[in-house]
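Peer 1: So that we are looking at the same thing, I have put the structure below in structure tokens.
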Amino acid sequence: CVKAGSRGPSDFGWEEWLGGGGYEHRDPIMFQTDNNCRAQGWTVDLWTEEALKFIRMHRDAPWFASVAYIIPHLPWVCDDKYAAPFLAQGCSTNLAACYGSIAQMDACIGRLLDALRETGQEQRTIVAFVSDNGMSSPEVQALATKDPQAWADGFVRGEDWEKRNVAQLRGHKATDWENGIRQPFLVRWPETIAPGERKQFGCAEDVLPTLLDLAAVPDTV
């Protein structure tokens, strides 16, 4: 949210930007470079459409884009067609909405990757996917507010949580145990970075300077 009189993305070097208000997954307030408005539709789809326009418009020049989806942040809501397969498998309503939110985000990311391929930019574009923190859920909120001692050992309990926490890690979002700080980090650069897992530890602060090095952009810019 960019308030009147406050510094916004344009003050930090962004030429074009688009943001949303709070955690509105549908019909969000859209804060934009030149105009703010209330949009209609799923926020993840709206932001994807804007990112697609940007990718296609700048196909012949170097560019950087940060597409920071809100989904699948709580509250878990998504298009019914994405939750339906998980409900059919016996997931609870909450868990189906969680998995459905991830599936809806994945579909949008797939559209971005398709656009890179269609515009001939795939092999010269580095794609980095990362989350901002570890797992959270309604169980965590309930424990934190109603019975903090229920997870005094750091292990959150609950049927849905057990299904999601397949590695049985301790903690959750906002803790410094593994489930709070471990997160996915995927990097894709066809024919340059070989597919496969890496064992090295990384940190969020490593990402920007590494991308600048790979793109041969001086860090003094």
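So you can find residues: chains in the structure tokens are A, B, ... in the order shown, residues in each start at 1, and ligands are numbered from 1 in order.
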For the interface of stretch 83-161 of chain A with stretch 169-192 of chain A (cut-off 9 Å, counting only C-alpha atoms), please tabulate each contacting residue of stretch 83-161 of chain A alongside its nearest pair of atoms and their separation in Å to one decimal, rows sorted by chain and increasing number, as a tab-separated table.
Peer 2:
```
residue	atom	partner	partner_atom	distance
A:Glu122	CA	A:Pro190	CA	7.0
A:Gln123	CA	A:Pro190	CA	5.3
A:Arg124	CA	A:Trp189	CA	7.3
A:Thr125	CA	A:Trp189	CA	6.4
A:Ile126	CA	A:Trp189	CA	4.9
A:Val127	CA	A:Arg188	CA	5.0
A:Ala128	CA	A:Val187	CA	4.5
A:Phe129	CA	A:Leu186	CA	5.0
A:Val130	CA	A:Phe185	CA	4.6
A:Ser131	CA	A:Gln183	CA	6.0
A:Asp132	CA	A:Gln183	CA	7.5
A:Asn133	CA	A:Ile181	CA	5.7
A:Gly134	CA	A:Gly180	CA	4.3
A:Met135	CA	A:Lys173	CA	5.3
A:Ser136	CA	A:Lys173	CA	5.3
A:Ser137	CA	A:His172	CA	8.6
A:Val140	CA	A:His172	CA	7.4
A:Trp151	CA	A:Gly171	CA	8.7
A:Asp153	CA	A:Arg170	CA	8.3
A:Gly154	CA	A:Gly171	CA	5.0
A:Phe155	CA	A:Arg170	CA	4.9
A:Val156	CA	A:Gly171	CA	6.8
```
Peer 1: Using backbone DSSP assignments, extract all helix (DSSP H, G or I) residues from stretch 89-149 of chain A; output them as a PyMOL selection string.
Peer 2: chain A and resi 93-118+122-124+138-146+148-149
Peer 1: Would you please work out which residue, of A:Cys37, A:Val166, A:Val44, A:Leu95, is nearest to A:Val67 when using only C-alpha atoms?
Peer 2: A:Val44
